[in-house]
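Visitor: So here's model-v7.txt, just compact mmCIF, C-alpha atoms and all ligand atoms:
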```txt
# COMPACT_ATOMS: atom_id res chain seq x y z
CA MET A 1 49.93 -108.01 109.31
CA LYS A 2 46.68 -109.52 107.97
CA LEU A 3 43.97 -106.99 108.74
CA LEU A 4 40.93 -109.08 107.76
CA LYS A 5 41.84 -112.58 108.91
CA ASN A 6 38.79 -114.90 108.90
CA LYS A 7 36.34 -112.10 108.11
CA THR A 8 33.69 -112.78 105.48
CA VAL A 9 33.19 -109.99 102.96
CA ILE A 10 30.53 -109.46 100.29
CA ILE A 11 31.61 -107.25 97.37
CA THR A 12 29.07 -106.43 94.67
CA GLY A 13 30.10 -105.99 91.02
CA ALA A 14 33.63 -107.27 91.56
CA SER A 15 34.53 -109.04 88.32
CA ARG A 16 36.49 -105.97 87.16
CA GLY A 17 37.56 -102.43 88.08
CA ILE A 18 37.52 -101.15 91.66
CA GLY A 19 35.56 -104.15 93.00
CA LYS A 20 38.14 -106.59 91.66
CA SER A 21 41.01 -104.64 93.27
CA ILE A 22 39.17 -104.63 96.59
CA ALA A 23 38.60 -108.40 96.35
CA LYS A 24 42.29 -109.07 95.66
CA LEU A 25 43.57 -106.78 98.43
CA PHE A 26 41.09 -108.12 100.98
CA ALA A 27 42.01 -111.72 100.10
CA SER A 28 45.69 -110.90 100.61
CA HIS A 29 44.70 -109.73 104.10
CA GLY A 30 43.05 -113.05 104.93
CA ALA A 31 39.38 -112.28 104.20
CA ASN A 32 37.04 -114.87 102.72
CA ILE A 33 35.40 -113.31 99.69
CA ALA A 34 31.85 -113.59 98.34
CA PHE A 35 31.72 -111.46 95.21
CA THR A 36 28.96 -110.84 92.72
CA SER A 37 28.55 -110.16 89.03
CA LEU A 38 25.66 -110.07 86.59
CA LYS A 39 26.87 -113.18 84.74
CA ARG A 40 29.35 -115.98 85.28
CA ASP A 41 31.89 -115.13 82.58
CA GLU A 42 35.62 -115.81 82.18
CA ASN A 43 36.56 -112.83 84.41
CA VAL A 44 34.62 -114.36 87.30
CA ILE A 45 36.17 -117.81 86.89
CA ILE A 46 39.70 -116.37 86.70
CA LEU A 47 39.17 -114.10 89.73
CA GLU A 48 37.67 -116.94 91.77
CA LYS A 49 40.75 -119.08 91.06
CA GLU A 50 43.15 -116.23 91.81
CA LEU A 51 41.47 -115.43 95.14
CA ASN A 52 41.32 -119.07 96.23
CA SER A 53 45.04 -119.39 95.50
CA CYS A 54 45.64 -116.87 98.35
CA GLY A 55 44.62 -119.63 100.79
CA ILE A 56 41.22 -118.12 101.57
CA LYS A 57 37.73 -119.20 100.45
CA ALA A 58 36.22 -117.26 97.55
CA ILE A 59 32.98 -117.77 95.64
CA GLY A 60 31.61 -115.71 92.75
CA TYR A 61 27.80 -115.48 92.77
CA VAL A 62 25.56 -114.35 89.93
CA SER A 63 23.33 -111.73 91.53
CA ASP A 64 21.72 -108.49 90.37
CA ALA A 65 22.30 -105.99 93.17
CA SER A 66 19.45 -103.82 91.93
CA ASN A 67 16.99 -106.67 92.56
CA PHE A 68 15.68 -107.02 96.12
CA GLU A 69 14.87 -110.74 95.96
CA ASP A 70 18.29 -111.51 94.42
CA SER A 71 19.95 -109.63 97.29
CA LEU A 72 18.02 -111.55 99.97
CA SER A 73 18.90 -114.90 98.43
CA LEU A 74 22.55 -113.84 98.00
CA ALA A 75 22.86 -113.08 101.74
CA GLU A 76 21.20 -116.42 102.55
CA SER A 77 23.64 -118.31 100.28
CA VAL A 78 26.65 -116.49 101.77
CA ILE A 79 25.57 -117.35 105.32
CA ASN A 80 25.12 -121.01 104.27
CA ASP A 81 28.48 -121.12 102.47
CA PHE A 82 30.60 -119.00 104.86
CA GLY A 83 28.71 -118.83 108.19
CA SER A 84 28.91 -115.04 108.69
CA ILE A 85 28.91 -111.64 106.95
CA ASP A 86 31.36 -109.21 108.56
CA VAL A 87 31.85 -106.63 105.80
CA LEU A 88 29.59 -105.51 102.97
CA VAL A 89 31.06 -103.47 100.11
CA ASN A 90 28.31 -101.98 97.96
CA ASN A 91 30.44 -101.35 94.90
CA ALA A 92 28.19 -102.13 91.88
CA GLY A 93 27.37 -99.04 89.87
CA ILE A 94 26.63 -97.77 86.37
CA THR A 95 26.63 -94.48 84.47
CA LYS A 96 24.22 -93.33 81.76
CA ASP A 97 25.53 -89.81 81.23
CA ASN A 98 23.64 -87.17 79.28
CA LEU A 99 22.62 -83.55 79.54
CA LEU A 100 19.27 -83.18 81.31
CA MET A 101 17.59 -82.01 78.09
CA ARG A 102 18.45 -85.37 76.51
CA MET A 103 18.25 -87.67 79.55
CA SER A 104 15.39 -90.15 79.30
CA GLU A 105 13.25 -91.19 82.24
CA ASP A 106 14.47 -94.77 81.72
CA ASP A 107 18.12 -93.70 82.01
CA PHE A 108 17.39 -91.68 85.14
CA ASN A 109 15.54 -94.58 86.78
CA ALA A 110 18.09 -97.23 85.73
CA VAL A 111 20.97 -95.34 87.36
CA MET A 112 19.02 -94.73 90.58
CA GLN A 113 17.89 -98.39 90.66
CA VAL A 114 21.37 -99.86 90.22
CA ASN A 115 23.41 -97.33 92.21
CA MET A 116 21.08 -96.45 95.10
CA ASN A 117 18.50 -99.25 95.42
CA SER A 118 21.29 -101.83 95.39
CA VAL A 119 22.72 -100.25 98.57
CA PHE A 120 19.31 -100.49 100.27
CA ASN A 121 18.79 -104.07 99.02
CA LEU A 122 22.11 -105.46 100.22
CA THR A 123 22.12 -103.52 103.50
CA LYS A 124 18.64 -104.88 104.32
CA ALA A 125 19.72 -108.37 103.32
CA CYS A 126 22.84 -108.34 105.55
CA LEU A 127 21.36 -106.47 108.50
CA LYS A 128 19.85 -109.43 110.37
CA ILE A 129 23.12 -111.36 110.58
CA MET A 130 25.15 -108.24 111.46
CA LEU A 131 22.67 -107.37 114.24
CA LYS A 132 22.92 -110.94 115.53
CA GLN A 133 26.73 -110.77 115.43
CA ARG A 134 26.65 -107.28 116.98
CA SER A 135 29.31 -106.19 114.50
CA GLY A 136 29.70 -105.22 110.88
CA SER A 137 31.24 -102.71 108.52
CA ILE A 138 29.29 -101.46 105.51
CA ILE A 139 31.18 -99.56 102.81
CA ASN A 140 29.22 -97.77 100.10
CA MET A 141 30.91 -96.68 96.87
CA SER A 142 29.80 -93.12 96.25
CA SER A 143 31.61 -90.50 94.14
CA VAL A 144 32.92 -86.94 94.44
CA VAL A 145 30.14 -85.97 92.02
CA GLY A 146 27.64 -87.04 94.70
CA VAL A 147 29.14 -84.28 96.84
CA LYS A 148 29.68 -81.53 94.26
CA GLY A 149 27.45 -82.43 91.26
CA ASN A 150 28.56 -82.66 87.62
CA ALA A 151 27.05 -81.36 84.40
CA GLY A 152 25.90 -84.31 82.27
CA GLN A 153 25.59 -86.61 85.27
CA ALA A 154 22.40 -85.48 87.05
CA ASN A 155 21.21 -89.09 87.43
CA TYR A 156 24.58 -90.42 88.59
CA SER A 157 25.33 -87.57 91.02
CA ALA A 158 21.79 -87.78 92.48
CA SER A 159 22.25 -91.52 93.05
CA LYS A 160 25.63 -91.00 94.75
CA ALA A 161 24.32 -88.11 96.91
CA ALA A 162 21.46 -90.42 97.96
CA ILE A 163 24.04 -93.05 98.97
CA ASN A 164 25.74 -90.48 101.23
CA GLY A 165 22.46 -89.69 102.98
CA PHE A 166 21.70 -93.38 103.37
CA THR A 167 25.20 -93.97 104.77
CA LYS A 168 24.84 -91.29 107.45
CA SER A 169 21.35 -92.47 108.48
CA THR A 170 22.49 -96.09 108.66
CA ALA A 171 25.47 -95.10 110.81
CA LEU A 172 23.18 -93.20 113.19
CA GLU A 173 20.68 -96.07 113.43
CA LEU A 174 23.13 -98.92 113.85
CA GLY A 175 26.06 -97.42 115.76
CA SER A 176 24.70 -98.68 119.08
CA ARG A 177 24.88 -102.24 117.68
CA ASN A 178 28.53 -101.84 116.66
CA ILE A 179 27.65 -101.76 112.97
CA ARG A 180 29.59 -99.05 111.11
CA CYS A 181 28.67 -97.55 107.76
CA ASN A 182 30.84 -95.25 105.63
CA SER A 183 30.98 -94.03 102.03
CA ILE A 184 34.00 -93.70 99.81
CA ALA A 185 33.85 -90.92 97.23
CA PRO A 186 36.40 -91.68 94.51
CA GLY A 187 37.44 -88.97 92.09
CA PHE A 188 38.69 -89.96 88.65
CA ILE A 189 39.78 -93.60 88.79
CA GLU A 190 41.07 -95.32 85.65
CA THR A 191 38.83 -98.38 85.06
CA GLU A 192 36.70 -99.79 82.25
CA MET A 193 33.96 -97.38 83.40
CA THR A 194 36.09 -94.31 82.65
CA SER A 195 38.01 -95.71 79.64
CA ALA A 196 35.11 -94.69 77.35
CA LEU A 197 36.28 -91.06 77.71
CA GLY A 198 39.39 -91.71 75.60
CA LYS A 199 43.10 -91.31 76.40
CA ASP A 200 43.38 -87.56 75.59
CA LYS A 201 40.53 -86.63 77.94
CA ILE A 202 41.88 -88.94 80.64
CA ASP A 203 45.36 -87.35 80.43
CA GLU A 204 43.81 -83.86 80.47
CA TRP A 205 41.92 -84.72 83.67
CA ALA A 206 45.14 -85.71 85.40
CA GLN A 207 46.58 -82.21 84.92
CA SER A 208 43.66 -80.63 86.82
CA ILE A 209 44.19 -82.86 89.86
CA PRO A 210 46.44 -81.52 92.67
CA LEU A 211 48.39 -84.81 92.86
CA ARG A 212 48.77 -84.62 89.02
CA ARG A 213 47.58 -88.16 88.34
CA ASN A 214 44.34 -90.07 87.98
CA GLY A 215 43.51 -92.61 90.65
CA SER A 216 44.00 -96.35 90.35
CA PRO A 217 41.54 -98.98 91.61
CA ASN A 218 44.13 -99.84 94.24
CA ASP A 219 43.95 -96.30 95.69
CA VAL A 220 40.28 -96.99 96.45
CA ALA A 221 40.96 -100.55 97.64
CA ASN A 222 43.45 -99.26 100.25
CA VAL A 223 40.87 -96.96 101.84
CA SER A 224 38.29 -99.78 101.68
CA LEU A 225 40.73 -102.00 103.58
CA PHE A 226 41.04 -99.38 106.31
CA LEU A 227 37.25 -99.05 106.59
CA ALA A 228 36.70 -102.82 106.57
CA SER A 229 39.28 -103.49 109.26
CA ASP A 230 39.34 -102.77 112.99
CA MET A 231 41.85 -99.97 112.23
CA SER A 232 38.75 -97.80 111.63
CA SER A 233 36.75 -99.04 114.62
CA TYR A 234 35.90 -95.43 115.67
CA VAL A 235 34.98 -94.23 112.15
CA THR A 236 31.34 -94.26 111.06
CA GLY A 237 28.93 -92.06 109.09
CA GLN A 238 31.72 -90.50 107.03
CA VAL A 239 32.12 -89.80 103.33
CA ILE A 240 35.83 -90.17 102.56
CA ASN A 241 37.07 -88.58 99.34
CA VAL A 242 39.72 -90.54 97.44
CA CYS A 243 40.38 -88.05 94.70
CA GLY A 244 43.99 -86.81 94.74
CA GLY A 245 42.76 -83.52 96.17
CA MET A 246 40.30 -82.87 93.30
CA LEU A 247 37.59 -82.01 95.87
CA THR A 248 38.93 -80.03 98.79
P1 LIG A 301 33.14 -100.79 86.36
O1 LIG A 301 32.08 -100.50 85.36
O2 LIG A 301 34.51 -101.13 85.88
O3 LIG A 301 32.67 -101.93 87.37
C1 LIG A 301 31.37 -101.94 87.90
C2 LIG A 301 30.97 -103.39 88.06
O4 LIG A 301 29.63 -103.43 88.59
C3 LIG A 301 30.94 -104.14 86.73
O5 LIG A 301 31.58 -105.38 86.90
C4 LIG A 301 29.45 -104.33 86.46
O6 LIG A 301 29.14 -105.50 85.73
C5 LIG A 301 28.92 -104.44 87.89
N1 LIG A 301 27.47 -104.18 87.96
C6 LIG A 301 26.78 -103.22 87.30
N2 LIG A 301 25.47 -103.34 87.61
C7 LIG A 301 25.36 -104.37 88.49
C8 LIG A 301 24.28 -104.96 89.17
N3 LIG A 301 23.03 -104.52 89.01
N4 LIG A 301 24.51 -106.02 89.99
C9 LIG A 301 25.77 -106.48 90.17
N5 LIG A 301 26.84 -105.96 89.54
C10 LIG A 301 26.63 -104.91 88.71
O7 LIG A 301 33.18 -99.52 87.34
P2 LIG A 301 34.29 -99.03 88.40
O8 LIG A 301 34.95 -97.85 87.82
O9 LIG A 301 35.07 -100.17 88.91
O10 LIG A 301 33.30 -98.48 89.54
C11 LIG A 301 32.98 -99.19 90.73
C12 LIG A 301 32.17 -98.27 91.63
O11 LIG A 301 32.92 -97.09 91.90
C13 LIG A 301 30.85 -97.80 91.00
O12 LIG A 301 29.86 -97.71 92.00
C14 LIG A 301 31.20 -96.42 90.48
O13 LIG A 301 30.06 -95.60 90.38
C15 LIG A 301 32.15 -95.94 91.55
N6 LIG A 301 33.02 -94.86 91.10
C16 LIG A 301 33.91 -95.03 90.08
C17 LIG A 301 34.70 -93.96 89.68
C18 LIG A 301 35.70 -94.07 88.57
O14 LIG A 301 36.30 -93.04 88.22
N7 LIG A 301 35.94 -95.23 88.00
C19 LIG A 301 34.59 -92.73 90.33
C20 LIG A 301 33.69 -92.59 91.36
C21 LIG A 301 32.91 -93.67 91.74
```
Would you kindly transcribe this structure into structure tokens?
Guide:
Amino acid sequence: MKLLKNKTVIITGASRGIGKSIAKLFASHGANIAFTSLKRDENVIILEKELNSCGIKAIGYVSDASNFEDSLSLAESVINDFGSIDVLVNNAGITKDNLLMRMSEDDFNAVMQVNMNSVFNLTKACLKIMLKQRSGSIINMSSVVGVKGNAGQANYSASKAAINGFTKSTALELGSRNIRCNSIAPGFIETEMTSALGKDKIDEWAQSIPLRRNGSPNDVANVSLFLASDMSSYVTGQVINVCGGMLT
């Protein structure tokens, strides 16, 4: 069963990692995909081809999610190219980890700007069309560290906690217009973002997780599919942990 047939989806930061898995799964469920990246590199061209070969329409846009004007013009282009915006996945995110004693103001601000402001920017940009359609599903990529905190990630966990607050407020404001908004809080997911930790550390992590494995991008994509589809039509304002039981 195709759960997203003819729906138009925007996914930010989708040229690799979790965003890419979401794009591929959504395309296999019949969604038309508008995805973004910071530059048009080989990854974008390959993904665009792969998605279009599923028999749906896919376009990769160069757009900085942390920039308000970029986000407004992205939404305008997507409406021109696709005619609607049914699902927004705010996936783009960065880390600049350090202990507080060593964390610079620039690194604090950069993480807040990319992780949190991008969610505001894209939500604002897509709101008008979703209100007009009287439907929409917004999915914000948070993190378990936004719920529980993490030493060495004060900037990152603050940005993800802010996303959770934004998600709940958006759900309360827009529920009456049939626009849903939820967060996903992944635990440890093996992507380019986490590969910097090294194989030994990554394997060690897996042993501390109740399901005894790290997550894959597809684990997060599956929950995103549920939240994007009408299967979750009575779910809004929630933060859903996808963490193998790491945070219970
Ligand atoms: P990743 O680094 O592999 O991918 C992130 C993508 O976002 C990259 O393609 C990057 O170029 C893009 N991006 C960064 N800044 C951008 C901007 N300003 N505008 C547009 N695109 C931008 O990371 P990932 O592991 O796939 O993570 C995806 C999301 O999931 C992030 O929000 C991350 O914080 C969150 N997350 C990841 C994990 C994990 O363990 N991997 C855990 C919890 C949450």
Visitor: Hey, can you check how far atom CA of A:Gly152 sits from atom CA of A:Phe120?
Guide: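 Distance between the two atoms: 25.1 Å.
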Visitor: Check the smallest atom-to-atom distance from each of A:Ile56, A:Val235, A:Met1, A:Ile94 to ligand LIG 301 (chain A) using only C-alpha atoms and all ligand atoms, then report the winner.
Guide: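 Closest candidate: A:Ile94.
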Visitor: If you count only C-alpha atoms, which residues fall within 8 Å of stretch 101-112 of chain A, apart from same-chain ones fewer than 6 positions away, as a list in words?
Guide: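 Contacts, in chain order: Gly93, Ile94, Thr95, Asn155, Tyr156, Ala158 and Ser159 of chain A.
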Visitor: What does the list of residues within 8 Å of ligand LIG 301 (chain A) look like if you count only C-alpha atoms and all ligand atoms, written as JSON, numbers by chain?
Guide: {"A": [12, 13, 14, 15, 16, 17, 18, 19, 20, 36, 37, 38, 62, 63, 64, 65, 66, 67, 90, 91, 92, 93, 94, 95, 114, 115, 118, 141, 142, 143, 144, 145, 156, 160, 185, 186, 187, 188, 189, 190, 191, 192, 193, 194, 215, 217]}
Visitor: At a cut-off of 10 Å, can you tabulate as a tab-separated table every residue of stretch 172-220 of chain A near stretch 130-137 of chain A together with its closest atom pair and the distance in Å to one decimal, using only C-alpha atoms and ordering rows by chain then number?
Guide:
```
residue	atom	partner	partner_atom	distance
A:Leu174	CA	A:Leu131	CA	8.5
A:Gly175	CA	A:Ser135	CA	9.4
A:Ser176	CA	A:Arg134	CA	9.1
A:Arg177	CA	A:Arg134	CA	5.4
A:Asn178	CA	A:Ser135	CA	4.9
A:Ile179	CA	A:Gly136	CA	4.5
A:Arg180	CA	A:Ser137	CA	4.8
A:Cys181	CA	A:Ser137	CA	5.8
A:Asn182	CA	A:Ser137	CA	8.0
```
Visitor: Considering all atoms listed in the file, can you say which of A:Leu88, A:Ala23, A:Ile163, A:Val44 comes closest to A:Lys124?
Guide: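 Of A:Leu88, A:Ala23, A:Ile163, A:Val44, the one nearest A:Lys124, counting all atoms listed in the file, is A:Leu88.
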Visitor: When you count only C-alpha atoms, which of these residues is closest to A:Ala154: A:Leu100, A:Val242, A:Leu74, A:Ile59?
Guide: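 Under the stated criterion, the closest residue is A:Leu100.
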Visitor: Mind giving me the straight-line distance from atom CA of A:Ala27 to atom CA of A:Lys39 in Å, one decimal?
Guide: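 According to the coordinates, atom CA of A:Ala27 and atom CA of A:Lys39 are separated by 21.6 Å.
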Visitor: Any idea what's packed within 8 Å of A:Leu3, counting all atoms listed in the file, ignoring anything in its chain fewer than 3 positions away? Could you give it as number ranges by chain?
Guide: A: 29-30, 225, 229-230
Visitor: Mind pulling up the distance from atom CA of A:Ala228 to atom CA of A:Gln153?
Guide: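 One can read the atom CA of A:Gln153 to atom CA of A:Ala228 distance as 29.0 Å.
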Visitor: Would you please work out which residue, of A:Asn218, A:Ile138, A:Val239, A:Lys49, is nearest to A:Gly165 when using all atoms listed in the file?
Guide: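 For A:Gly165, the nearest of the candidates is A:Val239.
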Visitor: Identify which of the residues A:Ile22, A:Phe226, A:Asn52, A:Ile10 lies closest to A:Ile85, counting only C-alpha atoms when measuring atom-to-atom distances.
Guide: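 When distances to A:Ile85 are compared using only C-alpha atoms, the smallest one comes from A:Ile10.
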Visitor: Counting only C-alpha atoms, write as a count of residues only all protein and nucleic acid residues lying at most 8 Å from (35.6, -111.5, 107.7) in the file's frame.
Guide: 12
Visitor: Which is closest to A:Glu69 among A:Asp219, A:Leu122, A:Ala206, A:Leu227, if we use only C-alpha atoms?
Guide: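 Closest to A:Glu69 of all the choices is A:Leu122.
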